[in-house]
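Note: the block below is protein00.txt and it holds compact mmCIF, C-alpha atoms and all ligand atoms.
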# COMPACT_ATOMS: atom_id res chain seq x y z
CA MET A 181 47.90 85.61 93.15
CA ASP A 182 49.15 88.61 91.22
CA GLN A 183 48.53 88.23 87.55
CA LEU A 184 51.82 88.96 85.84
CA ASN A 185 52.26 88.88 82.08
CA ASN A 186 55.16 87.07 80.60
CA TYR A 187 57.21 89.22 78.22
CA ALA A 188 60.06 86.78 77.85
CA ASP A 189 60.88 84.73 74.77
CA ASN A 190 58.71 81.68 75.31
CA ARG A 191 59.44 79.59 72.24
CA LEU A 192 61.17 76.96 74.34
CA ILE A 193 58.29 76.33 76.72
CA ARG A 194 55.42 75.86 74.31
CA GLY A 195 55.10 72.05 74.38
CA CYS A 196 54.35 69.70 77.26
CA ILE A 197 56.40 70.88 80.22
CA ASN A 198 57.45 67.32 80.91
CA CYS A 199 58.09 65.47 77.62
CA ASP A 200 58.11 68.32 75.06
CA GLY A 201 55.29 66.58 73.13
CA PRO A 202 52.29 68.58 71.90
CA ALA A 203 50.54 70.38 74.75
CA ASP A 204 46.97 69.01 74.47
CA THR A 205 45.90 70.40 77.80
CA ARG A 206 46.79 72.89 80.49
CA ASP A 207 47.77 72.07 83.99
CA HIS A 208 47.57 74.25 87.08
CA ILE A 209 50.80 74.77 88.96
CA PRO A 210 50.34 73.97 91.78
CA SER A 211 47.61 71.43 91.09
CA LYS A 212 44.30 72.33 92.70
CA CYS A 213 44.33 69.10 94.74
CA LEU A 214 47.18 70.59 96.76
CA LEU A 215 45.04 73.61 97.66
CA GLU A 216 41.79 74.24 99.48
CA GLN A 217 38.67 75.95 98.17
CA PRO A 218 38.16 78.78 97.55
CA TYR A 219 41.14 78.52 95.19
CA PRO A 220 43.36 81.55 94.68
CA GLU A 221 42.63 83.51 91.53
CA ASN A 222 45.05 83.53 88.61
CA LEU A 223 46.67 80.18 89.34
CA PRO A 224 49.54 79.67 86.93
CA VAL A 225 48.81 77.28 84.04
CA ILE A 226 51.33 75.46 81.93
CA GLY A 227 51.06 73.28 78.79
CA CYS A 228 50.96 69.52 79.28
CA CYS A 229 50.17 66.49 77.07
CA ASP A 230 47.27 64.15 77.91
CA THR A 231 49.50 61.17 78.75
CA CYS A 232 51.70 63.09 81.20
CA ASN A 233 48.62 64.78 82.65
CA GLN A 234 46.92 61.45 83.43
CA ASN A 235 50.05 59.94 84.95
CA PHE A 236 50.50 63.01 87.12
CA SER A 237 46.87 62.94 88.29
CA LYS A 238 47.30 59.47 89.79
CA ASP A 239 50.59 60.36 91.45
CA GLU A 240 49.09 63.60 92.76
CA GLN A 241 46.16 61.75 94.30
CA TYR A 242 48.64 59.42 95.94
CA LEU A 243 50.73 62.35 97.20
CA VAL A 244 47.87 64.36 98.74
CA CYS A 245 46.46 61.23 100.40
CA LEU A 246 49.86 60.22 101.73
CA LEU A 247 50.64 63.69 103.11
CA GLU A 248 47.27 63.92 104.87
CA SER A 249 47.70 60.41 106.27
CA VAL A 250 51.07 61.45 107.67
CA LEU A 251 49.66 64.69 109.13
CA CYS A 252 46.61 62.94 110.63
CA GLY A 253 48.38 59.69 111.57
CA SER A 254 45.68 57.64 109.86
CA THR A 255 44.20 56.67 106.47
CA ASP A 256 40.69 56.66 107.95
CA PRO A 257 38.60 59.20 105.97
CA GLU A 258 36.85 60.13 109.24
CA LYS A 259 40.20 61.25 110.65
CA ILE A 260 41.50 63.01 107.54
CA ARG A 261 41.14 66.76 108.05
CA ARG A 262 41.01 68.00 104.44
CA PRO A 263 37.48 67.22 103.15
CA SER A 264 38.63 66.90 99.52
CA VAL A 265 41.26 64.33 100.51
CA ALA A 266 38.83 62.43 102.77
CA ARG A 267 36.59 62.14 99.69
CA ILE A 268 39.40 60.69 97.56
CA MET A 269 40.19 58.17 100.34
CA LYS A 270 36.52 57.16 100.47
CA ASN A 271 36.13 56.88 96.69
CA LEU A 272 39.40 55.07 96.02
CA PRO A 273 39.63 52.22 98.55
CA ALA A 274 42.54 50.59 96.65
CA LEU A 275 44.60 53.74 97.03
CA ARG A 276 43.75 53.98 100.72
CA GLN A 277 44.70 50.32 101.18
CA ARG A 278 47.99 50.87 99.40
CA ILE A 279 48.87 53.69 101.80
CA GLU A 280 47.56 51.71 104.77
CA ASP A 281 49.85 48.81 103.75
CA SER A 282 52.82 51.17 103.86
CA ARG A 283 52.04 52.12 107.46
CA THR A 284 54.67 51.28 110.00
CA GLU A 285 55.89 52.40 113.41
CA VAL A 286 59.08 54.23 114.15
CA ASP A 287 59.91 54.75 117.84
CA GLY A 288 56.27 54.22 118.71
CA GLN A 289 55.16 56.85 116.18
CA ILE A 290 52.94 56.08 113.19
CA ALA A 291 54.88 56.46 109.96
CA PHE A 292 54.29 55.68 106.30
CA VAL A 293 56.91 54.35 103.92
CA PRO A 294 56.54 56.68 100.93
CA GLU A 295 56.60 55.62 97.27
CA THR A 296 59.46 57.95 96.50
CA LYS A 297 59.22 57.67 92.71
CA ARG A 298 55.64 58.92 92.72
CA ILE A 299 56.51 61.84 95.00
CA TYR A 300 59.48 62.61 92.75
CA ASN A 301 57.21 62.65 89.67
CA VAL A 302 54.86 65.19 91.25
CA MET A 303 57.55 67.41 92.74
CA LEU A 304 59.48 67.44 89.48
CA LYS A 305 56.39 68.47 87.56
CA LEU A 306 55.68 71.27 90.04
CA ALA A 307 59.29 72.45 89.92
CA ARG A 308 59.32 72.37 86.11
CA GLY A 309 56.05 74.28 86.06
CA HIS A 310 57.37 77.00 88.35
CA ALA A 311 60.63 77.24 86.38
CA ALA A 312 58.75 77.59 83.09
CA PHE A 313 56.07 79.95 84.38
CA GLU A 314 58.16 82.17 86.64
CA LEU A 315 61.57 82.05 85.07
CA SER A 316 60.81 81.17 81.42
CA GLN A 317 63.29 78.31 81.83
CA PRO A 318 62.36 74.99 80.20
CA CYS A 319 63.96 72.54 82.65
CA ARG A 320 63.05 69.28 80.92
CA THR A 321 66.28 67.46 81.72
CA LYS A 322 66.85 65.37 84.83
CA PRO A 323 67.56 67.79 87.68
CA ASP A 324 71.08 68.07 89.06
CA HIS A 325 69.74 68.15 92.61
CA TYR A 326 66.56 66.89 94.21
CA TRP A 327 65.52 66.73 97.85
CA PHE A 328 62.16 66.07 99.48
CA GLY A 329 61.60 65.89 103.23
CA THR A 330 60.08 67.68 106.16
CA LEU A 331 61.00 71.18 107.28
CA SER A 332 61.51 69.81 110.78
CA SER A 333 64.22 67.44 109.52
CA LEU A 334 66.42 70.39 108.52
CA SER A 335 69.00 71.77 110.93
CA GLN A 336 68.30 75.31 112.09
CA GLU A 337 70.94 76.68 109.75
CA SER A 338 69.68 74.74 106.72
CA ARG A 339 66.14 75.76 107.57
CA GLU A 340 67.10 79.43 107.63
CA THR A 341 68.84 79.13 104.27
CA PHE A 342 65.91 77.22 102.81
CA ASP A 343 63.29 79.68 104.06
CA SER A 344 65.09 82.91 103.32
CA ALA A 345 64.50 85.23 100.42
CA HIS A 346 67.19 85.19 97.74
CA PHE A 347 69.53 88.10 97.08
CA GLN A 348 69.92 88.14 93.33
CA GLN A 349 73.46 88.30 91.88
CA VAL A 350 72.68 88.20 88.18
CA LEU A 351 69.38 89.20 86.61
CA GLY A 352 67.57 86.42 84.76
CA GLU A 353 65.50 86.19 81.57
CA VAL A 354 64.37 89.70 80.72
CA GLY A 355 60.59 89.96 80.93
CA ALA A 356 60.08 86.70 82.81
CA ARG A 357 57.44 86.91 85.53
CA ASN A 358 60.01 86.42 88.25
CA MET A 359 61.84 89.56 87.06
CA GLN A 360 58.66 91.54 87.73
CA ARG A 361 58.46 90.20 91.26
CA LEU A 362 61.97 91.21 92.21
CA MET A 363 62.20 94.03 94.72
CA VAL A 364 65.02 96.43 95.17
CA ILE A 365 65.75 97.28 98.76
CA GLN A 366 68.25 99.59 100.36
CA MET A 367 70.47 98.01 102.93
CA THR A 368 72.95 99.77 105.12
CA GLN A 369 76.28 98.09 105.50
CA LEU A 370 79.59 99.07 107.01
CA SER A 371 82.45 99.64 104.62
CA GLU A 372 85.93 98.39 105.45
CA SER A 373 86.83 101.81 106.79
CA GLY A 374 83.86 101.66 109.13
CA GLU A 375 81.63 104.08 107.26
CA GLN A 376 77.97 103.35 106.76
CA GLN A 377 76.94 103.01 103.14
CA ASN A 378 73.67 102.32 101.43
CA VAL A 379 73.65 99.46 99.00
CA GLY A 380 70.83 98.51 96.64
CA MET A 381 70.00 94.80 96.72
CA VAL A 382 67.65 92.92 94.44
CA VAL A 383 65.50 90.55 96.42
CA ASN A 384 63.56 87.57 95.17
CA ASP A 385 61.06 86.44 97.79
CA TRP A 386 58.74 83.47 98.33
CA VAL A 387 55.35 83.46 96.62
CA ASP A 388 52.49 82.48 98.92
CA VAL A 389 49.95 80.69 96.74
CA GLN A 390 47.70 79.83 99.67
CA GLU A 391 48.53 80.56 103.27
CA ASP A 392 49.70 77.51 105.23
CA ARG A 393 49.05 75.29 102.19
CA TYR A 394 51.52 76.07 99.44
CA ARG A 395 54.40 78.46 98.85
CA TYR A 396 57.38 78.46 96.54
CA ILE A 397 60.41 80.43 95.48
CA ALA A 398 61.86 80.29 91.96
CA ILE A 399 65.48 81.35 91.62
CA ASP A 400 67.46 81.84 88.42
CA ASP A 401 70.94 83.02 89.31
CA ILE A 402 74.59 82.40 88.40
CA GLY A 403 73.86 79.47 86.12
CA VAL A 404 71.50 77.63 88.44
CA VAL A 405 67.73 77.34 88.54
CA ILE A 406 66.50 76.46 92.02
CA ILE A 407 62.87 75.79 92.93
CA ARG A 408 61.86 75.42 96.57
CA ILE A 409 58.37 74.36 97.57
CA VAL A 410 56.67 74.06 100.96
CA ILE A 411 53.38 72.17 101.34
CA ALA A 412 51.21 72.52 104.46
CA GLU A 413 54.16 74.21 106.22
CA CYS A 414 55.48 70.70 106.80
CA PHE A 415 56.75 69.05 103.61
CA ALA A 416 59.53 70.69 101.68
CA CYS A 417 61.25 70.15 98.39
CA GLU A 418 64.21 71.58 96.54
CA VAL A 419 64.96 70.92 92.88
CA ALA A 420 67.87 72.46 90.99
CA TRP A 421 69.21 72.47 87.43
CA GLU A 422 72.46 73.86 86.14
CA VAL A 423 71.56 75.93 83.11
ZN ZN A 501 53.99 65.07 78.09
Do you think you could lay out the structure here as structure tokens?
Ligand SMILES: [Zn+2]
Amino acid sequence: MDQLNNYADNRLIRGCINCDGPADTRDHIPSKCLLEQPYPENLPVIGCCDTCNQNFSKDEQYLVCLLESVLCGSTDPEKIRRPSVARIMKNLPALRQRIEDSRTEVDGQIAFVPETKRIYNVMLKLARGHAAFELSQPCRTKPDHYWFGTLSSLSQESRETFDSAHFQQVLGEVGARNMQRLMVIQMTQLSESGEQQNVGMVVNDWVDVQEDRYRYIAIDDIGVVIIRIVIAECFACEVAWEV
């Protein structure tokens, strides 16, 4: 990933990104367990306290194992494609059993009933991390909007909106990393009188952390912070705060 320096006022995001307690440790955003080796260089890091960090680790292990089980249709480590996840499934039989117990069938298809609270915990941490790192926005409150699902469950129109780059209306925190990613493009549009005119647009695009594994977009515009995340080009999440 590009290494961008943060020049924004960061006094508000010094503590644990989750509980605002002392940041004893640093957490990668996204967590390495969501990525494959070799890991991208310059992964963002964000302050976190030990307690939150340990709680997240367990939920993250659950999440990566669940997602792989869904993708592979099995909790059998022999059938799990990601070697790192197959190892977790082998080493933590209780976790594997827990996911196996949630297995069900829907219309003849293997499905797993997710532990939504655990997924929420992980996605919220990731979203908070991206908001703090990219936008210099400490979003510690409960989000005003949260959605997690599959890309394929979105209608074509919603999918296009979800996947598109964002045309920025108002510029965000001066110096924040996201501000350095914004691109200005020239677009030609027709005026009301039918004349062509060039208009400058500020575009905020998705950041590919690792191809086909993890991408996100962090938007800070007109009083709303929106974080969208896609994992394995299958699972998607949107978290938003009014700021
Ligand atoms: Zn904490």
Residues near region 346-351 of chain A, anyone? I mean within 7 Å using all atoms listed in the file, not counting same-chain ones fewer than 4 positions away, as number ranges by chain. A: 381-385, 401-402
Mind running region 222-316 of chain A against region 356-366 of chain A at 7 Å and telling me each contacting residue's nearest atom pair with the distance in Å (one decimal), counting only C-alpha atoms, chain and number ascending, as CSV?
residue,atom,partner,partner_atom,distance
A:Glu314,CA,A:Asn358,CA,4.9
A:Leu315,CA,A:Ala356,CA,5.4
A:Ser316,CA,A:Ala356,CA,5.7
Separation of CA of Leu275 (chain A) and CA of Thr255 (chain A), in Å? 9.9 Å
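With all atoms listed in the file counted, the chains near ligand ZN 501 (chain A) contribute these residues within 7 Å: Cys196, Ile197, Asn198, Cys199, Asp200, Gly201, Cys228, Cys229, Asp230, Thr231 and Cys232 of chain A.
Using all atoms listed in the file, the nearest neighbour of Leu215 (chain A) within the list A:Leu306, A:Ile397, A:Met367, A:Ile411 is A:Ile411.
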Non-local contacts of Asn301 (chain A) (10 Å; only C-alpha atoms; under 2 positions in same chain excluded) as a PyMOL selection string: chain A and resi 198+235-236+239-240+243+296-299+303-306
What does the distance between CA of Asp281 (chain A) and CA of Arg393 (chain A) come to in Å, to one decimal place?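 Between these atoms lies a distance of 26.5 Å.
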